[in-house]
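Enquirer: To start, I am sharing the structure in question, which I have written as structure tokens.
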Amino acid sequence: MLYVFYGQDSAKAHDKAQALSHNLLQKKPDASLFNLDSETWAEEKLSELTQSQGLFEKKYIVCIDARAFLKESLEGLVERLPQIKESPHICIVVAAKLDVKTLKVFTKYAEKIQEFGVVEKEEKRDFRMTDALGSRDKKRLWVLYREAIDQGKEPEEIHGLLFWQIKNMIIAAESKDASEAGLNPFVFRKAKESLKYYSKEDLCAVSSRMITVYHEARQGKIDFVLGLEKLLLTL
């Protein structure tokens, strides 16, 4: 059984997936939970989990955070959607914005699929931080970050905005034009321009670290404001 949550507001999609996995664990306390993301992703691991039978028919809940997946990893996941659908276990996928072709395949195999669109009041969002991130201007990014925090902005909102920019840059690096990327032409152009400041490896590393900061903050292991600030200072 497959559940998919995706969209530009990937933070909300992730929260929805986490809530679902929590509810499922409450209903199935004997189930085992497995988490896969861009760091731990392996197609063989997914096949092992979705095709195996636990002891005494124990069920698995497999949560896949695909928001920072590279193109080839997402394609590998898509190829395995038929076996996920037929699996006796539950698979929950979180993704950023999906192109039309990929979305069509997910829709075909998902028990439930839900989109989380543009963050509310996007027209009022301050994109100076994404510009500073894109140009790798660490000092300006830090000043804008502290300004936003001092004005009462939540770190979750800032993290979502910056993660959105990193994801756009990754998509732009793998796409020839805005249409293929599934991005607004202006957003695509800005993301493409930023690639002269980052290698593909840099982007993947930053994306992975942002996911780690988010999870550790939600788990209470670190202070979200300080954790995100430390990350930005080491770009």
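By convention in this document, the chains of the structure tokens carry letters A, B, ... by their order, each chain's residues are numbered from 1, and ligands are numbered from 1 in the order they are shown.
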Check the DSSP output for the backbone and give back, as JSON, numbers by chain, the residues of segment 109-199 of chain A in helix (DSSP H, G or I).
Expert: {"A": [109, 122, 123, 124, 128, 129, 130, 131, 132, 133, 134, 138, 139, 140, 141, 142, 143, 144, 145, 146, 147, 148, 149, 150, 155, 156, 157, 158, 159, 160, 161, 162, 163, 164, 165, 166, 167, 168, 169, 170, 171, 172, 173, 178, 179, 180, 181, 185, 186, 187, 188, 189, 190, 191, 192, 193, 194, 195, 196, 197]}
Enquirer: Set the distance at 12 Å and use only C-alpha atoms: which residues neighbour Glu44 of chain A once local chain neighbours fewer than 6 positions away are removed? I'd like the list as a list in words.
Expert: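 The contact residues come out as Leu36, Thr50, Gln51, Ser52, Ser73, Gly76, Leu77 and Arg80 of chain A.
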Enquirer: Which one is closest to Lys230 of chain A: A:Phe106, A:Lys167, A:Ala17, A:Trp142? Count only C-alpha atoms.
Expert: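 Between A:Phe106, A:Lys167, A:Ala17, A:Trp142, the residue approaching Lys230 of chain A most closely is A:Trp142.
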Enquirer: Tell me which protein, DNA and RNA residues are within 10 Å of Lys85 of chain A, counting only C-alpha atoms, leaving out same-chain ones fewer than 3 positions away, and put them as a PDB file with N, CA and C atoms, in the first residue's frame.
Expert:
ATOM      1  N   MET A   1       0.844  -1.180   0.000  1.00  0.00           N
ATOM      2  CA  MET A   1       0.000   0.000   0.000  1.00  0.00           C
ATOM      3  C   MET A   1       0.888   1.242   0.000  1.00  0.00           C
ATOM      4  N   LEU A   2       0.565   2.207  -0.847  1.00  0.00           N
ATOM      5  CA  LEU A   2       1.417   3.382  -1.036  1.00  0.00           C
ATOM      6  C   LEU A   2       0.656   4.665  -0.742  1.00  0.00           C
ATOM      7  N   TYR A   3       1.274   5.529   0.079  1.00  0.00           N
ATOM      8  CA  TYR A   3       0.760   6.868   0.350  1.00  0.00           C
ATOM      9  C   TYR A   3       1.813   7.870  -0.110  1.00  0.00           C
ATOM     10  N   THR A  50      10.016  -4.325   1.020  1.00  0.00           N
ATOM     11  CA  THR A  50       8.665  -4.444   0.469  1.00  0.00           C
ATOM     12  C   THR A  50       8.309  -5.872   0.082  1.00  0.00           C
ATOM     13  N   ARG A  80       9.972   1.026  -8.968  1.00  0.00           N
ATOM     14  CA  ARG A  80       9.555   0.019  -7.985  1.00  0.00           C
ATOM     15  C   ARG A  80       8.161   0.267  -7.418  1.00  0.00           C
ATOM     16  N   LEU A  81       7.452   1.223  -7.964  1.00  0.00           N
ATOM     17  CA  LEU A  81       6.100   1.490  -7.474  1.00  0.00           C
ATOM     18  C   LEU A  81       5.153   0.300  -7.647  1.00  0.00           C
ATOM     19  N   PRO A  82       5.226  -0.447  -8.753  1.00  0.00           N
ATOM     20  CA  PRO A  82       4.328  -1.610  -8.877  1.00  0.00           C
ATOM     21  C   PRO A  82       4.517  -2.626  -7.749  1.00  0.00           C
ATOM     22  N   PRO A  88       2.594  -6.364   0.967  1.00  0.00           N
ATOM     23  CA  PRO A  88       1.708  -6.418   2.144  1.00  0.00           C
ATOM     24  C   PRO A  88       2.037  -5.327   3.161  1.00  0.00           C
ATOM     25  N   HIS A  89       3.142  -4.616   2.919  1.00  0.00           N
ATOM     26  CA  HIS A  89       3.586  -3.587   3.844  1.00  0.00           C
ATOM     27  C   HIS A  89       3.125  -2.204   3.383  1.00  0.00           C
ATOM     28  N   ILE A  90       3.308  -1.210   4.235  1.00  0.00           N
ATOM     29  CA  ILE A  90       2.879   0.156   3.945  1.00  0.00           C
ATOM     30  C   ILE A  90       4.090   1.017   3.633  1.00  0.00           C
ATOM     31  N   CYS A  91       3.995   1.755   2.554  1.00  0.00           N
ATOM     32  CA  CYS A  91       5.084   2.646   2.148  1.00  0.00           C
ATOM     33  C   CYS A  91       4.542   4.074   2.072  1.00  0.00           C
ATOM     34  N   LYS A 108      -1.019   6.604 -10.314  1.00  0.00           N
ATOM     35  CA  LYS A 108      -1.498   5.291 -10.765  1.00  0.00           C
ATOM     36  C   LYS A 108      -1.391   4.243  -9.665  1.00  0.00           C
ATOM     37  N   TYR A 109      -0.347   4.305  -8.872  1.00  0.00           N
ATOM     38  CA  TYR A 109      -0.085   3.245  -7.904  1.00  0.00           C
ATOM     39  C   TYR A 109      -0.410   3.609  -6.450  1.00  0.00           C
ATOM     40  N   ALA A 110      -0.684   4.876  -6.177  1.00  0.00           N
ATOM     41  CA  ALA A 110      -0.895   5.301  -4.789  1.00  0.00           C
ATOM     42  C   ALA A 110      -2.308   5.032  -4.305  1.00  0.00           C
ATOM     43  N   GLU A 111      -2.414   4.581  -3.076  1.00  0.00           N
ATOM     44  CA  GLU A 111      -3.706   4.443  -2.414  1.00  0.00           C
ATOM     45  C   GLU A 111      -4.262   5.836  -2.122  1.00  0.00           C
TER      46      GLU A 111
END
Enquirer: Between atom CA of Phe188 of chain A and atom CA of Leu98 of chain A, what is the distance in Å, rounded to a tenth?
Expert: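 Separating atom CA of Phe188 of chain A from atom CA of Leu98 of chain A is a distance of 14.5 Å.
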Enquirer: Counting only C-alpha atoms, which residue out of A:Ser21, A:Ser38, A:Ser194, A:Ser179 sits closest to Arg67 of chain A?
Expert: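 Under the stated criterion, the closest residue is A:Ser38.
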Enquirer: Can you pull out the residues contacting segment 168-173 of chain A? Cut-off 10 Å, using only C-alpha atoms, and skip same-chain residues under 6 positions away; I want them as number ranges by chain.
Expert: A: 8, 68-71, 96-97, 134, 162, 180-183, 187-195, 198-204, 207
Enquirer: Keeping C-alpha atoms for every residue in the selection just given, could you write it to a file as a PDB file, in the first residue's frame?
Expert:
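Output file part-v8.pdb is given in full below:
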ATOM      1  CA  GLN A   8       6.336  22.921  -3.138  1.00  0.00           C
ATOM      2  CA  ALA A  68      16.397  15.611  -1.825  1.00  0.00           C
ATOM      3  CA  PHE A  69      16.635  12.639  -4.183  1.00  0.00           C
ATOM      4  CA  LEU A  70      18.748  13.011  -7.283  1.00  0.00           C
ATOM      5  CA  LYS A  71      17.062  12.302 -10.601  1.00  0.00           C
ATOM      6  CA  ALA A  96       9.025  17.885  -3.504  1.00  0.00           C
ATOM      7  CA  LYS A  97       7.250  19.144  -6.620  1.00  0.00           C
ATOM      8  CA  GLY A 134      22.184  31.040  -4.280  1.00  0.00           C
ATOM      9  CA  LEU A 162      16.030  27.668   1.947  1.00  0.00           C
ATOM     10  CA  GLU A 180      11.547  19.835 -18.074  1.00  0.00           C
ATOM     11  CA  ALA A 181      12.288  20.985 -14.525  1.00  0.00           C
ATOM     12  CA  GLY A 182       8.633  21.741 -13.807  1.00  0.00           C
ATOM     13  CA  LEU A 183       9.607  25.156 -12.428  1.00  0.00           C
ATOM     14  CA  VAL A 187      12.680  30.470 -10.585  1.00  0.00           C
ATOM     15  CA  PHE A 188      14.500  28.131 -12.984  1.00  0.00           C
ATOM     16  CA  ARG A 189      16.720  30.937 -14.307  1.00  0.00           C
ATOM     17  CA  LYS A 190      17.662  32.062 -10.804  1.00  0.00           C
ATOM     18  CA  ALA A 191      18.438  28.481  -9.775  1.00  0.00           C
ATOM     19  CA  LYS A 192      20.513  27.923 -12.909  1.00  0.00           C
ATOM     20  CA  GLU A 193      22.532  31.082 -12.279  1.00  0.00           C
ATOM     21  CA  SER A 194      23.359  29.853  -8.780  1.00  0.00           C
ATOM     22  CA  LEU A 195      24.993  26.690 -10.101  1.00  0.00           C
ATOM     23  CA  TYR A 198      27.960  25.127  -6.197  1.00  0.00           C
ATOM     24  CA  SER A 199      28.971  21.736  -7.519  1.00  0.00           C
ATOM     25  CA  LYS A 200      26.396  18.968  -7.633  1.00  0.00           C
ATOM     26  CA  GLU A 201      28.177  17.353  -4.699  1.00  0.00           C
ATOM     27  CA  ASP A 202      27.923  20.607  -2.736  1.00  0.00           C
ATOM     28  CA  LEU A 203      24.178  20.790  -3.298  1.00  0.00           C
ATOM     29  CA  CYS A 204      23.624  17.195  -2.241  1.00  0.00           C
ATOM     30  CA  SER A 207      20.466  19.224   1.172  1.00  0.00           C
TER      31      SER A 207
END
Enquirer: One decimal, in Å: what's the spacing between atom CA of Thr234 of chain A and atom CA of Asp15 of chain A?
Expert: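 Pair atom CA of Thr234 of chain A / atom CA of Asp15 of chain A returns 26.8 Å.
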Enquirer: Skipping near chain neighbours, those fewer than 3 positions away, what residues fall within 12 Å of Arg146 of chain A using only C-alpha atoms, listed as a PDB file with N, CA and C atoms, in the first residue's frame?
Expert:
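Once everything was written out, this is part_8.pdb:
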ATOM      1  N   MET A 129      17.013  36.024   1.230  1.00  0.00           N
ATOM      2  CA  MET A 129      17.804  34.914   1.776  1.00  0.00           C
ATOM      3  C   MET A 129      18.104  33.862   0.717  1.00  0.00           C
ATOM      4  N   LYS A 139      27.985  35.705   4.597  1.00  0.00           N
ATOM      5  CA  LYS A 139      27.820  36.808   5.541  1.00  0.00           C
ATOM      6  C   LYS A 139      26.439  37.436   5.400  1.00  0.00           C
ATOM      7  N   ARG A 140      26.033  37.731   4.163  1.00  0.00           N
ATOM      8  CA  ARG A 140      24.727  38.343   3.941  1.00  0.00           C
ATOM      9  C   ARG A 140      23.599  37.388   4.353  1.00  0.00           C
ATOM     10  N   LEU A 141      23.775  36.117   4.067  1.00  0.00           N
ATOM     11  CA  LEU A 141      22.766  35.128   4.433  1.00  0.00           C
ATOM     12  C   LEU A 141      22.593  35.089   5.945  1.00  0.00           C
ATOM     13  N   TRP A 142      23.701  35.122   6.671  1.00  0.00           N
ATOM     14  CA  TRP A 142      23.624  35.086   8.140  1.00  0.00           C
ATOM     15  C   TRP A 142      22.932  36.332   8.680  1.00  0.00           C
ATOM     16  N   VAL A 143      23.278  37.516   8.143  1.00  0.00           N
ATOM     17  CA  VAL A 143      22.664  38.775   8.589  1.00  0.00           C
ATOM     18  C   VAL A 143      21.155  38.733   8.350  1.00  0.00           C
ATOM     19  N   ILE A 149      14.889  36.025  12.251  1.00  0.00           N
ATOM     20  CA  ILE A 149      14.643  35.428  13.573  1.00  0.00           C
ATOM     21  C   ILE A 149      14.255  36.511  14.581  1.00  0.00           C
ATOM     22  N   ASP A 150      14.981  37.637  14.558  1.00  0.00           N
ATOM     23  CA  ASP A 150      14.695  38.731  15.488  1.00  0.00           C
ATOM     24  C   ASP A 150      13.320  39.340  15.242  1.00  0.00           C
ATOM     25  N   GLN A 151      12.822  39.214  14.015  1.00  0.00           N
ATOM     26  CA  GLN A 151      11.494  39.731  13.681  1.00  0.00           C
ATOM     27  C   GLN A 151      10.387  38.727  14.018  1.00  0.00           C
ATOM     28  N   GLY A 152      10.789  37.569  14.534  1.00  0.00           N
ATOM     29  CA  GLY A 152       9.803  36.591  14.966  1.00  0.00           C
ATOM     30  C   GLY A 152       9.484  35.500  13.964  1.00  0.00           C
ATOM     31  N   LYS A 153      10.242  35.407  12.871  1.00  0.00           N
ATOM     32  CA  LYS A 153       9.996  34.341  11.906  1.00  0.00           C
ATOM     33  C   LYS A 153      10.367  32.993  12.525  1.00  0.00           C
ATOM     34  N   GLU A 154       9.569  31.990  12.247  1.00  0.00           N
ATOM     35  CA  GLU A 154       9.834  30.658  12.767  1.00  0.00           C
ATOM     36  C   GLU A 154      10.959  29.989  11.973  1.00  0.00           C
ATOM     37  N   PRO A 155      11.844  29.252  12.650  1.00  0.00           N
ATOM     38  CA  PRO A 155      12.935  28.587  11.919  1.00  0.00           C
ATOM     39  C   PRO A 155      12.418  27.572  10.906  1.00  0.00           C
ATOM     40  N   ILE A 158      11.801  29.460   7.687  1.00  0.00           N
ATOM     41  CA  ILE A 158      13.048  29.829   7.021  1.00  0.00           C
ATOM     42  C   ILE A 158      13.704  28.585   6.408  1.00  0.00           C
ATOM     43  N   VAL A 225      16.829  26.965  15.860  1.00  0.00           N
ATOM     44  CA  VAL A 225      17.405  28.256  15.470  1.00  0.00           C
ATOM     45  C   VAL A 225      18.919  28.176  15.393  1.00  0.00           C
ATOM     46  N   LEU A 226      19.534  27.613  16.435  1.00  0.00           N
ATOM     47  CA  LEU A 226      21.003  27.538  16.476  1.00  0.00           C
ATOM     48  C   LEU A 226      21.535  26.517  15.484  1.00  0.00           C
ATOM     49  N   LEU A 228      20.226  25.575  12.581  1.00  0.00           N
ATOM     50  CA  LEU A 228      20.163  26.102  11.223  1.00  0.00           C
ATOM     51  C   LEU A 228      21.180  27.206  11.025  1.00  0.00           C
ATOM     52  N   GLU A 229      21.366  28.021  12.055  1.00  0.00           N
ATOM     53  CA  GLU A 229      22.360  29.113  11.973  1.00  0.00           C
ATOM     54  C   GLU A 229      23.770  28.525  11.772  1.00  0.00           C
ATOM     55  N   LYS A 230      24.085  27.489  12.520  1.00  0.00           N
ATOM     56  CA  LYS A 230      25.405  26.852  12.395  1.00  0.00           C
ATOM     57  C   LYS A 230      25.606  26.303  10.999  1.00  0.00           C
ATOM     58  N   LEU A 232      24.232  27.373   8.178  1.00  0.00           N
ATOM     59  CA  LEU A 232      24.402  28.466   7.232  1.00  0.00           C
ATOM     60  C   LEU A 232      25.800  29.093   7.322  1.00  0.00           C
ATOM     61  N   LEU A 233      26.372  29.090   8.511  1.00  0.00           N
ATOM     62  CA  LEU A 233      27.705  29.675   8.700  1.00  0.00           C
ATOM     63  C   LEU A 233      28.815  28.786   8.143  1.00  0.00           C
TER      64      LEU A 233
END
Enquirer: With distances taken over only C-alpha atoms, which of A:Phe186, A:Phe34, A:Tyr145, A:Tyr6 is nearest to Thr107 of chain A?
Expert: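 Among the listed residues, the smallest separation from Thr107 of chain A belongs to A:Tyr6.
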Enquirer: For each of A:Glu174, A:Ile92, A:Asp131, A:Glu157, take the minimum atom-to-atom distance to Leu24 of chain A, counting only C-alpha atoms, then give the residue where this is smallest.
Expert: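 So, comparing all the options, the nearest one is A:Ile92.
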Enquirer: Can you list, as a PyMOL selection string, every residue of segment 29-100 of chain A that DSSP puts in strand (DSSP E or B)?
Expert: chain A and resi 32-36+60-65+90-95
